[in-house]
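One file, upload_12.tsv, is given below (TSV, C-alpha atoms and all ligand atoms).
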```tsv
chain	number	residue	atom	x	y	z
A	1	MET	CA	-51.31	34.92	167.46
A	2	ARG	CA	-49.22	32.74	169.75
A	3	THR	CA	-45.99	34.01	171.23
A	4	TYR	CA	-42.73	32.09	171.27
A	5	ALA	CA	-43.44	31.17	174.90
A	6	ASP	CA	-46.86	29.59	174.42
A	7	THR	CA	-46.28	27.76	171.13
A	8	LYS	CA	-45.83	24.07	171.84
A	9	ARG	CA	-43.86	21.56	169.73
A	10	ILE	CA	-46.14	18.55	169.47
A	11	LEU	CA	-45.43	15.08	168.09
A	12	VAL	CA	-48.40	13.13	166.70
A	13	THR	CA	-47.58	9.50	165.86
A	14	GLY	CA	-50.01	7.94	163.38
A	15	GLY	CA	-50.66	11.51	162.26
A	16	ALA	CA	-51.57	10.59	158.68
A	17	GLY	CA	-54.36	8.26	159.80
A	18	PHE	CA	-58.04	8.94	160.34
A	19	LEU	CA	-57.90	10.37	163.87
A	20	GLY	CA	-54.30	11.59	163.64
A	21	SER	CA	-54.96	13.84	160.64
A	22	HIS	CA	-57.87	15.54	162.42
A	23	LEU	CA	-55.70	15.99	165.49
A	24	CYS	CA	-52.82	17.53	163.47
A	25	GLU	CA	-55.31	19.90	161.85
A	26	ARG	CA	-56.73	20.94	165.21
A	27	LEU	CA	-53.28	21.56	166.77
A	28	ILE	CA	-52.01	23.51	163.74
A	29	GLY	CA	-55.24	25.54	163.90
A	30	GLU	CA	-54.41	26.40	167.50
A	31	GLY	CA	-51.03	27.78	166.39
A	32	HIS	CA	-48.76	24.96	167.59
A	33	GLU	CA	-45.87	23.31	165.75
A	34	VAL	CA	-46.68	19.73	164.76
A	35	ILE	CA	-44.38	16.87	163.82
A	36	CYS	CA	-46.46	14.13	162.20
A	37	VAL	CA	-44.80	10.69	162.25
A	38	ASP	CA	-46.30	7.87	160.19
A	39	ASN	CA	-45.15	4.76	158.33
A	40	PHE	CA	-48.21	4.93	156.03
A	41	PHE	CA	-49.34	1.40	156.80
A	42	THR	CA	-52.97	2.53	156.96
A	43	GLY	CA	-52.49	6.30	156.81
A	44	GLN	CA	-52.69	8.25	153.59
A	45	ARG	CA	-50.90	11.33	152.29
A	46	ARG	CA	-54.22	12.75	151.10
A	47	ASN	CA	-55.35	13.00	154.74
A	48	ILE	CA	-52.64	15.56	155.45
A	49	ALA	CA	-52.05	16.98	151.94
A	50	HIS	CA	-53.65	20.29	152.97
A	51	LEU	CA	-51.17	20.65	155.86
A	52	LEU	CA	-47.94	19.90	153.97
A	53	GLN	CA	-47.23	23.50	152.97
A	54	HIS	CA	-48.02	24.91	156.41
A	55	PRO	CA	-44.88	26.40	158.02
A	56	ASN	CA	-45.74	24.83	161.39
A	57	PHE	CA	-46.21	21.30	159.98
A	58	GLU	CA	-43.51	18.69	159.45
A	59	LEU	CA	-44.00	15.14	158.15
A	60	LEU	CA	-41.60	12.29	158.96
A	61	ARG	CA	-41.98	8.84	157.40
A	62	HIS	CA	-40.92	6.65	160.29
A	63	ASP	CA	-41.94	3.41	161.99
A	64	VAL	CA	-42.40	3.86	165.76
A	65	THR	CA	-41.05	0.37	166.46
A	66	PHE	CA	-37.63	2.01	165.84
A	67	PRO	CA	-36.16	4.70	168.09
A	68	LEU	CA	-36.93	8.32	167.28
A	69	PHE	CA	-34.97	11.34	168.38
A	70	VAL	CA	-36.82	14.65	168.17
A	71	GLU	CA	-37.25	17.54	170.61
A	72	VAL	CA	-40.88	18.12	171.60
A	73	ASP	CA	-43.08	19.30	174.50
A	74	GLU	CA	-46.01	16.88	174.02
A	75	ILE	CA	-46.55	13.50	172.37
A	76	TYR	CA	-49.87	12.05	171.18
A	77	ASN	CA	-49.19	8.35	170.51
A	78	LEU	CA	-51.77	7.21	167.95
A	79	ALA	CA	-49.63	5.00	165.70
A	80	CYS	CA	-51.36	1.60	165.36
A	81	PRO	CA	-53.74	0.14	162.80
A	82	ALA	CA	-57.22	0.31	164.32
A	83	SER	CA	-59.55	-1.72	162.12
A	84	PRO	CA	-59.75	-5.49	162.64
A	85	VAL	CA	-58.98	-6.15	158.96
A	86	HIS	CA	-55.75	-4.14	159.14
A	87	TYR	CA	-54.54	-5.09	162.60
A	88	GLN	CA	-55.08	-8.80	161.80
A	89	HIS	CA	-53.19	-8.51	158.49
A	90	ASP	CA	-49.81	-8.69	160.28
A	91	PRO	CA	-50.65	-9.41	163.92
A	92	VAL	CA	-47.03	-9.66	165.07
A	93	GLN	CA	-46.32	-6.21	163.68
A	94	THR	CA	-49.48	-4.91	165.42
A	95	THR	CA	-48.22	-6.02	168.83
A	96	LYS	CA	-44.75	-4.64	168.04
A	97	THR	CA	-46.28	-1.29	167.08
A	98	SER	CA	-48.23	-1.07	170.33
A	99	VAL	CA	-45.52	-2.35	172.65
A	100	HIS	CA	-42.19	-1.32	171.07
A	101	GLY	CA	-43.84	1.86	169.83
A	102	ALA	CA	-44.95	2.71	173.39
A	103	ILE	CA	-41.50	1.94	174.79
A	104	ASN	CA	-39.80	4.19	172.23
A	105	MET	CA	-42.25	7.06	172.68
A	106	LEU	CA	-42.03	6.75	176.49
A	107	GLY	CA	-38.22	6.70	176.26
A	108	LEU	CA	-38.40	9.83	174.13
A	109	ALA	CA	-40.81	11.52	176.58
A	110	LYS	CA	-38.48	10.60	179.43
A	111	ARG	CA	-35.40	12.04	177.71
A	112	VAL	CA	-37.02	15.37	176.78
A	113	GLY	CA	-39.46	15.68	179.73
A	114	ALA	CA	-42.51	15.71	177.44
A	115	LYS	CA	-46.09	15.02	178.46
A	116	ILE	CA	-47.37	11.92	176.63
A	117	LEU	CA	-50.88	10.71	175.73
A	118	GLN	CA	-51.73	7.17	174.70
A	119	ALA	CA	-54.60	6.42	172.31
A	120	SER	CA	-55.87	3.33	174.11
A	121	THR	CA	-59.13	1.65	173.32
A	122	SER	CA	-62.39	0.21	174.57
A	123	GLU	CA	-60.94	-3.11	173.36
A	124	VAL	CA	-59.10	-3.31	176.70
A	125	TYR	CA	-62.53	-4.30	178.08
A	126	GLY	CA	-62.79	-7.17	175.56
A	127	ASP	CA	-66.23	-8.78	175.39
A	128	PRO	CA	-67.51	-7.07	178.55
A	129	ASP	CA	-69.71	-8.46	181.30
A	130	ILE	CA	-70.14	-4.99	182.81
A	131	HIS	CA	-72.39	-2.61	180.93
A	132	PRO	CA	-71.83	0.28	180.40
A	133	GLN	CA	-68.05	0.01	180.81
A	134	THR	CA	-66.42	2.05	183.57
A	135	GLU	CA	-62.67	2.63	183.83
A	136	GLU	CA	-62.56	0.43	186.97
A	137	TYR	CA	-63.58	-2.65	184.97
A	138	TRP	CA	-60.55	-4.85	184.18
A	139	GLY	CA	-62.08	-6.40	181.11
A	140	ARG	CA	-62.69	-9.84	179.64
A	141	VAL	CA	-60.06	-10.32	176.96
A	142	ASN	CA	-59.02	-13.51	175.20
A	143	PRO	CA	-55.19	-13.52	175.27
A	144	ILE	CA	-54.78	-15.96	172.34
A	145	GLY	CA	-57.50	-15.05	169.85
A	146	ILE	CA	-57.45	-13.17	166.56
A	147	ARG	CA	-58.17	-9.82	168.25
A	148	SER	CA	-55.51	-10.33	170.94
A	149	CYS	CA	-52.62	-8.76	169.01
A	150	TYR	CA	-54.51	-5.48	169.22
A	151	ASP	CA	-56.28	-5.84	172.59
A	152	GLU	CA	-53.30	-7.21	174.52
A	153	GLY	CA	-50.87	-4.89	172.73
A	154	LYS	CA	-52.94	-1.92	173.87
A	155	ARG	CA	-53.27	-3.34	177.40
A	156	CYS	CA	-49.50	-3.79	177.62
A	157	ALA	CA	-49.01	-0.22	176.36
A	158	GLU	CA	-51.23	1.00	179.22
A	159	THR	CA	-49.09	-0.99	181.65
A	160	LEU	CA	-45.93	0.62	180.25
A	161	PHE	CA	-47.45	4.09	180.56
A	162	PHE	CA	-48.32	3.56	184.22
A	163	ASP	CA	-44.93	2.01	185.00
A	164	TYR	CA	-43.05	4.91	183.36
A	165	HIS	CA	-45.29	7.19	185.43
A	166	ARG	CA	-44.60	5.37	188.71
A	167	GLN	CA	-40.95	4.52	188.05
A	168	HIS	CA	-39.73	7.61	186.20
A	169	GLY	CA	-42.32	10.25	187.15
A	170	LEU	CA	-43.50	10.77	183.55
A	171	ARG	CA	-46.57	12.93	182.98
A	172	ILE	CA	-48.96	10.50	181.27
A	173	LYS	CA	-52.50	10.58	179.88
A	174	VAL	CA	-54.36	7.44	178.84
A	175	ALA	CA	-57.53	7.82	176.74
A	176	ARG	CA	-59.74	4.78	176.15
A	177	ILE	CA	-61.31	5.61	172.81
A	178	PHE	CA	-64.64	4.01	171.86
A	179	ASN	CA	-65.70	3.47	168.22
A	180	THR	CA	-65.19	6.73	166.36
A	181	TYR	CA	-66.29	7.60	162.83
A	182	GLY	CA	-66.23	10.52	160.42
A	183	PRO	CA	-64.63	11.92	157.28
A	184	ARG	CA	-61.22	10.38	156.30
A	185	MET	CA	-62.05	6.89	157.52
A	186	HIS	CA	-60.41	4.61	154.99
A	187	PRO	CA	-63.15	3.28	152.65
A	188	ALA	CA	-61.55	-0.19	152.56
A	189	ASP	CA	-60.54	-0.67	156.17
A	190	GLY	CA	-63.55	-2.82	156.96
A	191	ARG	CA	-64.94	-0.88	159.91
A	192	VAL	CA	-68.67	-1.00	160.18
A	193	VAL	CA	-69.58	2.65	159.55
A	194	SER	CA	-67.39	2.97	156.45
A	195	ASN	CA	-68.44	-0.47	155.16
A	196	PHE	CA	-72.18	0.28	155.44
A	197	ILE	CA	-71.89	3.74	153.87
A	198	VAL	CA	-69.74	2.54	150.97
A	199	GLN	CA	-72.03	-0.46	150.37
A	200	ALA	CA	-75.16	1.72	150.44
A	201	LEU	CA	-73.65	4.33	148.11
A	202	ARG	CA	-72.65	1.63	145.61
A	203	GLY	CA	-76.02	-0.13	145.85
A	204	GLU	CA	-74.25	-3.28	147.05
A	205	PRO	CA	-75.63	-5.57	149.78
A	206	ILE	CA	-75.03	-4.34	153.35
A	207	THR	CA	-73.06	-6.99	155.25
A	208	LEU	CA	-74.32	-7.70	158.78
A	209	TYR	CA	-72.05	-10.03	160.75
A	210	GLY	CA	-73.85	-12.52	162.97
A	211	THR	CA	-77.43	-11.54	163.78
A	212	GLY	CA	-76.63	-7.81	163.71
A	213	GLU	CA	-77.87	-7.55	167.30
A	214	GLN	CA	-74.43	-6.75	168.75
A	215	THR	CA	-74.13	-3.13	169.83
A	216	ARG	CA	-71.56	-0.33	169.56
A	217	SER	CA	-71.63	3.33	170.61
A	218	PHE	CA	-70.37	5.72	167.95
A	219	CYS	CA	-68.55	8.97	168.57
A	220	TYR	CA	-68.13	11.65	165.91
A	221	VAL	CA	-64.49	12.49	165.19
A	222	ASP	CA	-64.66	16.21	166.13
A	223	ASP	CA	-65.99	15.32	169.59
A	224	LEU	CA	-63.29	12.70	170.06
A	225	ILE	CA	-60.45	15.06	169.10
A	226	ASP	CA	-61.79	17.67	171.50
A	227	GLY	CA	-61.73	15.05	174.28
A	228	LEU	CA	-58.12	14.09	173.51
A	229	VAL	CA	-56.93	17.71	173.51
A	230	ARG	CA	-58.75	18.43	176.78
A	231	LEU	CA	-57.15	15.37	178.33
A	232	MET	CA	-53.67	16.46	177.21
A	233	ASN	CA	-54.30	19.97	178.63
A	234	SER	CA	-55.64	18.71	181.98
A	235	GLY	CA	-53.61	18.96	185.20
A	236	ASP	CA	-50.78	16.48	185.83
A	237	GLU	CA	-52.89	14.68	188.45
A	238	VAL	CA	-55.24	13.49	185.67
A	239	THR	CA	-53.52	10.43	184.23
A	240	GLY	CA	-56.63	8.50	183.21
A	241	PRO	CA	-57.50	6.04	182.00
A	242	VAL	CA	-60.47	8.07	180.82
A	243	ASN	CA	-63.20	6.72	178.54
A	244	ILE	CA	-63.84	8.98	175.56
A	245	GLY	CA	-66.83	8.05	173.47
A	246	ASN	CA	-70.49	8.70	172.83
A	247	PRO	CA	-72.86	6.68	175.05
A	248	GLY	CA	-75.57	6.51	172.34
A	249	GLU	CA	-75.79	2.75	171.78
A	250	PHE	CA	-77.04	1.09	168.57
A	251	SER	CA	-77.28	-2.44	167.26
A	252	MET	CA	-75.53	-3.02	163.93
A	253	ARG	CA	-78.94	-3.69	162.42
A	254	GLU	CA	-80.17	-0.27	163.59
A	255	LEU	CA	-77.06	1.32	162.13
A	256	ALA	CA	-77.61	-0.46	158.81
A	257	GLU	CA	-81.25	0.75	158.68
A	258	LEU	CA	-80.20	4.31	159.43
A	259	VAL	CA	-77.45	4.37	156.81
A	260	ARG	CA	-79.68	2.84	154.15
A	261	GLN	CA	-82.43	5.32	154.90
A	262	LYS	CA	-80.04	8.29	154.75
A	263	VAL	CA	-78.26	7.21	151.57
A	264	GLY	CA	-81.62	6.38	150.04
A	265	GLY	CA	-80.48	3.31	148.13
A	266	THR	CA	-82.06	-0.09	147.76
A	267	SER	CA	-79.27	-2.23	149.24
A	268	GLU	CA	-80.49	-5.50	150.73
A	269	PHE	CA	-79.12	-6.86	154.01
A	270	VAL	CA	-76.99	-10.01	153.88
A	271	PHE	CA	-75.88	-11.92	156.96
A	272	GLU	CA	-72.30	-13.17	157.22
A	273	PRO	CA	-70.57	-15.18	159.97
A	274	LEU	CA	-69.67	-13.30	163.14
A	275	PRO	CA	-65.87	-13.07	163.53
A	276	SER	CA	-64.57	-14.80	166.66
A	277	ASP	CA	-64.39	-12.84	169.91
A	278	ASP	CA	-66.53	-10.04	168.46
A	279	PRO	CA	-67.79	-8.12	171.54
A	280	ARG	CA	-71.56	-8.42	172.02
A	281	GLN	CA	-72.12	-5.00	173.52
A	282	ARG	CA	-70.21	-1.81	174.13
A	283	ARG	CA	-71.10	1.53	175.68
A	284	PRO	CA	-68.86	3.92	177.61
A	285	ASP	CA	-69.59	5.32	181.03
A	286	ILE	CA	-68.24	8.84	180.51
A	287	SER	CA	-68.73	10.29	184.01
A	288	LYS	CA	-64.96	10.63	184.50
A	289	ALA	CA	-64.50	12.58	181.25
A	290	LEU	CA	-67.25	14.94	182.38
A	291	GLU	CA	-65.84	15.29	185.89
A	292	TYR	CA	-62.14	15.72	185.02
A	293	LEU	CA	-62.30	17.31	181.56
A	294	GLY	CA	-65.74	18.94	181.46
A	295	TRP	CA	-66.18	16.91	178.27
A	296	LYS	CA	-69.19	15.24	176.74
A	297	PRO	CA	-69.97	14.60	173.08
A	298	GLY	CA	-72.18	17.07	171.22
A	299	VAL	CA	-72.79	15.36	167.86
A	300	ALA	CA	-75.52	12.72	167.68
A	301	LEU	CA	-75.15	9.75	165.30
A	302	ASP	CA	-77.90	11.11	163.08
A	303	GLN	CA	-75.97	14.35	162.50
A	304	GLY	CA	-72.50	12.83	162.32
A	305	LEU	CA	-73.62	10.25	159.75
A	306	ASP	CA	-74.81	13.03	157.42
A	307	ALA	CA	-71.35	14.65	157.44
A	308	THR	CA	-69.68	11.27	156.99
A	309	ILE	CA	-71.94	10.25	154.10
A	310	ASP	CA	-71.25	13.62	152.41
A	311	TYR	CA	-67.52	12.86	152.63
A	312	PHE	CA	-67.87	9.35	151.21
A	313	ARG	CA	-69.97	10.68	148.31
A	314	THR	CA	-66.89	12.64	147.22
A	315	ILE	CA	-64.54	9.63	147.23
A	316	VAL	CA	-66.50	6.52	146.17
B	1	LIG	P1	-55.78	4.57	161.35
B	1	LIG	O1	-55.42	3.20	160.92
B	1	LIG	O2	-56.48	5.46	160.39
B	1	LIG	O3	-54.49	5.36	161.86
B	1	LIG	C1	-53.36	4.74	162.42
B	1	LIG	C2	-52.13	5.42	161.84
B	1	LIG	O4	-50.96	4.83	162.43
B	1	LIG	C3	-52.02	5.23	160.33
B	1	LIG	O5	-51.73	6.47	159.72
B	1	LIG	C4	-50.87	4.24	160.18
B	1	LIG	O6	-50.18	4.37	158.96
B	1	LIG	C5	-50.02	4.58	161.39
B	1	LIG	N1	-49.14	3.50	161.84
B	1	LIG	C6	-49.46	2.19	162.01
B	1	LIG	N2	-48.39	1.51	162.44
B	1	LIG	C7	-47.37	2.41	162.54
B	1	LIG	C8	-46.00	2.31	162.92
B	1	LIG	N3	-45.46	1.13	163.29
B	1	LIG	N4	-45.23	3.43	162.90
B	1	LIG	C9	-45.76	4.62	162.50
B	1	LIG	N5	-47.06	4.78	162.13
B	1	LIG	C10	-47.84	3.67	162.16
B	1	LIG	O7	-56.64	4.42	162.69
B	1	LIG	P2	-57.37	5.51	163.59
B	1	LIG	O8	-58.78	5.16	163.65
B	1	LIG	O9	-56.98	6.87	163.19
B	1	LIG	O10	-56.75	5.18	165.02
B	1	LIG	C11	-55.74	5.98	165.61
B	1	LIG	C12	-55.43	5.46	167.00
B	1	LIG	O11	-56.60	5.53	167.82
B	1	LIG	C13	-54.96	4.01	167.02
B	1	LIG	O12	-53.94	3.89	167.99
B	1	LIG	C14	-56.18	3.27	167.45
B	1	LIG	O13	-55.85	2.08	168.12
B	1	LIG	C15	-56.86	4.26	168.37
B	1	LIG	N6	-58.31	4.00	168.45
B	1	LIG	C16	-59.14	4.31	167.41
B	1	LIG	C17	-60.49	4.03	167.51
B	1	LIG	C18	-61.45	4.37	166.40
B	1	LIG	O14	-62.62	4.05	166.51
B	1	LIG	N7	-61.06	5.04	165.33
B	1	LIG	C19	-61.00	3.41	168.66
B	1	LIG	C20	-60.12	3.09	169.69
B	1	LIG	C21	-58.77	3.39	169.59
B	2	LIG	N1	-35.76	6.25	172.81
B	2	LIG	C1	-36.13	6.93	171.66
B	2	LIG	N2	-35.92	8.27	171.62
B	2	LIG	C2	-35.36	8.97	172.66
B	2	LIG	C3	-34.99	8.26	173.82
B	2	LIG	C4	-35.22	6.89	173.88
B	2	LIG	O1	-36.65	6.36	170.73
B	2	LIG	O2	-35.22	10.18	172.53
B	2	LIG	C5	-35.97	4.81	172.87
B	2	LIG	C6	-34.69	4.07	173.19
B	2	LIG	O3	-34.15	3.60	171.98
B	2	LIG	C7	-35.11	2.94	174.09
B	2	LIG	C8	-36.54	3.25	174.49
B	2	LIG	O4	-36.84	4.54	173.95
B	2	LIG	O5	-35.15	1.72	173.38
B	2	LIG	C9	-36.75	3.28	175.98
B	2	LIG	O6	-35.92	4.26	176.53
B	2	LIG	P1	-35.53	4.22	178.06
B	2	LIG	O7	-34.61	5.37	178.30
B	2	LIG	O8	-36.74	4.14	178.90
B	2	LIG	O9	-34.82	2.82	178.22
B	2	LIG	P2	-33.37	2.32	177.93
B	2	LIG	O10	-32.77	3.20	176.85
B	2	LIG	O11	-32.66	2.49	179.23
B	2	LIG	O12	-33.55	0.92	177.53
B	3	LIG	N1	-69.66	-5.38	161.39
B	3	LIG	C1	-70.71	-5.76	160.56
B	3	LIG	N2	-70.56	-5.59	159.22
B	3	LIG	C2	-69.44	-5.08	158.66
B	3	LIG	C3	-68.37	-4.68	159.50
B	3	LIG	C4	-68.51	-4.87	160.87
B	3	LIG	O1	-71.75	-6.22	161.02
B	3	LIG	O2	-69.39	-4.94	157.41
B	3	LIG	C5	-69.82	-5.52	162.85
B	3	LIG	C6	-68.67	-6.22	163.56
B	3	LIG	O3	-68.87	-7.61	163.57
B	3	LIG	C7	-68.76	-5.59	164.94
B	3	LIG	C8	-69.27	-4.19	164.68
B	3	LIG	O4	-69.85	-4.22	163.39
B	3	LIG	O5	-69.70	-6.29	165.72
B	3	LIG	C9	-68.20	-3.13	164.75
B	3	LIG	O6	-67.14	-3.52	163.92
B	3	LIG	P1	-65.84	-2.63	163.68
B	3	LIG	O7	-64.89	-3.46	162.92
B	3	LIG	O8	-66.24	-1.32	163.08
B	3	LIG	O9	-65.31	-2.28	165.14
B	3	LIG	P2	-64.97	-3.15	166.44
B	3	LIG	O10	-65.51	-4.54	166.30
B	3	LIG	O11	-63.49	-3.14	166.54
B	3	LIG	O12	-65.66	-2.41	167.52
```

Can you turn what I pasted into structure tokens?
Amino acid sequence: MRTYADTKRILVTGGAGFLGSHLCERLIGEGHEVICVDNFFTGQRRNIAHLLQHPNFELLRHDVTFPLFVEVDEIYNLACPASPVHYQHDPVQTTKTSVHGAINMLGLAKRVGAKILQASTSEVYGDPDIHPQTEEYWGRVNPIGIRSCYDEGKRCAETLFFDYHRQHGLRIKVARIFNTYGPRMHPADGRVVSNFIVQALRGEPITLYGTGEQTRSFCYVDDLIDGLVRLMNSGDEVTGPVNIGNPGEFSMRELAELVRQKVGGTSEFVFEPLPSDDPRQRRPDISKALEYLGWKPGVALDQGLDATIDYFRTIV
């Protein structure tokens, strides 16, 4: 049981989304008070339905592009659509969410003296020439393409975090999250893991974009959340950016084979055009996470996919 003195008041923006809901659950489980802020653009009430009656949990419907006045000790800033289908739906709003949202949350952190963590992304590396990606790599990002609203919005948010740190002495943490999957991914958000599982479960064709040879490295959600919490709890000298992801690298074709084999269906593979600026390869170098946070992932894709497929069986 926590005492008054060691119970933290924690704000999670984007708390009704895929990652945010797991984070709220973890923090409530640790005995903290959680304020979940979400505008429900991609988040769902069902993700947090089991927390709504908890005395330490509070839900606010709010858009982070507008100012927010609450009193908290820590802020996890996750609000932002993450799947290409959703962040490209209203690209101007995506950039506003990343940039105005960061400014408002940093202004809030400054006013109340809170520690603040930014959910940044491997997309800051763009279509990378360096492989695996280390935090020192500045990236290869198209500033005017269809992914730019997300990639450049997140890059600008990182800039704001480091300028509030240098200019105002804020305690900041920047996590560069690599592709993460698990229960509560939205079945229609178009990300590859959810798409393949839903297609296989329905016996529909599995859609491979391009040749299917492009690679991603997939991290199970429980591992990712543990990395974020460790980063928040690290000493003030650890600002990041820190890569958090699973270095196990797979081509989309390998992923499709694995999902089809696990689901046991007869879905055929169909090839569709590769969206523009789709990164060819992606794998995190996680030496910094290990060195500074003592963190490395523990759930292999094989295992994590089983849990994820079990979840999707209950909803599709
Ligand atoms: P998600 O779409 O499930 O969650 C995002 C949440 O933010 C949703 O609940 C959505 O309603 C909310 N939101 C969006 N715009 C908002 C606004 N203006 N005001 C308030 N709430 C808003 O996505 P996710 O996978 O849970 O991603 C969470 C965060 O992690 C995002 O910032 C994303 O960029 C980052 N991230 C995720 C991944 C991944 O693989 N899942 C990888 C890299 C970075
Ligand atoms: N802000 C907020 N909540 C707060 C404090 C500030 O949403 O508790 C917003 C505020 O509206 C401002 C932004 O954060 O637009 C940046 O605040 P900062 O103090 O850095 O800048 P300034 O108010 O001087 O523009
Ligand atoms: N992808 C695919 N089929 C799909 C959805 C995605 O082949 O039905 C590919 C996509 O082109 C990309 C990779 O899978 O190369 C990962 O896509 P996702 O949208 O999940 O994440 P991101 O591209 O943002 O890493």

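Minimum atom-to-atom distance to Arg280 of chain A, evaluated using only C-alpha atoms, belongs to A:Gly126 out of A:Pro183, A:Gly126, A:Pro81, A:Pro91.
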
Please identify the residues whose atoms come within 6 Å of ligand LIG 1 (chain B), using only C-alpha atoms and all ligand atoms, and report them as a tab-separated table (two decimals) with C-alpha atoms, keeping the file's coordinate frame.
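The result, stored in result.tsv:
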```
chain	number	residue	atom	x	y	z
A	14	GLY	CA	-50.01	7.94	163.38
A	15	GLY	CA	-50.66	11.51	162.26
A	16	ALA	CA	-51.57	10.59	158.68
A	17	GLY	CA	-54.36	8.26	159.80
A	18	PHE	CA	-58.04	8.94	160.34
A	19	LEU	CA	-57.90	10.37	163.87
A	20	GLY	CA	-54.30	11.59	163.64
A	38	ASP	CA	-46.30	7.87	160.19
A	39	ASN	CA	-45.15	4.76	158.33
A	40	PHE	CA	-48.21	4.93	156.03
A	41	PHE	CA	-49.34	1.40	156.80
A	42	THR	CA	-52.97	2.53	156.96
A	43	GLY	CA	-52.49	6.30	156.81
A	62	HIS	CA	-40.92	6.65	160.29
A	63	ASP	CA	-41.94	3.41	161.99
A	64	VAL	CA	-42.40	3.86	165.76
A	65	THR	CA	-41.05	0.37	166.46
A	78	LEU	CA	-51.77	7.21	167.95
A	79	ALA	CA	-49.63	5.00	165.70
A	80	CYS	CA	-51.36	1.60	165.36
A	81	PRO	CA	-53.74	0.14	162.80
A	82	ALA	CA	-57.22	0.31	164.32
A	97	THR	CA	-46.28	-1.29	167.08
A	119	ALA	CA	-54.60	6.42	172.31
A	120	SER	CA	-55.87	3.33	174.11
A	121	THR	CA	-59.13	1.65	173.32
A	177	ILE	CA	-61.31	5.61	172.81
A	178	PHE	CA	-64.64	4.01	171.86
A	179	ASN	CA	-65.70	3.47	168.22
A	180	THR	CA	-65.19	6.73	166.36
```

Cut-off 12 Å, all atoms listed in the file, neighbours of ligand LIG 2 (chain B) as a ChimeraX atom specification: /A:62-72,75,99-114,160-161,163-165,167-170

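Pocket residues of ligand LIG 3 (chain B), taken as those with any atom at most 6 Å away using only C-alpha atoms and all ligand atoms, are Ser83, Pro84, Asn179, Gly190, Arg191, Val192, Asn195, Thr207, Leu208, Tyr209, Gly212, Gln214, Met252, Leu274 and Asp278 of chain A.
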
Atomic separation - atom CA of Asp310 of chain A relative to atom CA of Glu204 of chain A, Å: 18.0 Å

Neighbours of point (-57.7, -2.9, 173.7) within 10 Å, using only C-alpha atoms, written as a list in words: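 Answer for this query, in the requested form: Ala82, Ala119, Ser120, Thr121, Ser122, Glu123, Val124, Tyr125, Gly126, Gly139, Val141, Arg147, Ser148, Cys149, Tyr150, Asp151, Glu152, Gly153, Lys154, Arg155, Cys156, Ala157, Glu158, Arg176, Ile177 and Phe178 of chain A.
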
What residues have an atom no more than 12 Å from (-65.3, 23.5, 169.2) in the file's own frame, counting all atoms listed in the file, and can you write them as an MDAnalysis selection string? chainID A and resid 26 29:30 221:227 229:230 295:299

Could you state the separation of atom CA of Thr94 of chain A and atom CA of Ser217 of chain A in Å, given to one decimal place?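 Taking atom CA of Thr94 of chain A and atom CA of Ser217 of chain A, their separation equals 24.2 Å.
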
Among the residues A:Arg216, A:Arg260, A:Arg184, A:Arg171, the one that comes closest to Tyr311 of chain A [using all atoms listed in the file]: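 Going through A:Arg216, A:Arg260, A:Arg184, A:Arg171 one by one, the smallest distance to Tyr311 of chain A is for A:Arg184.
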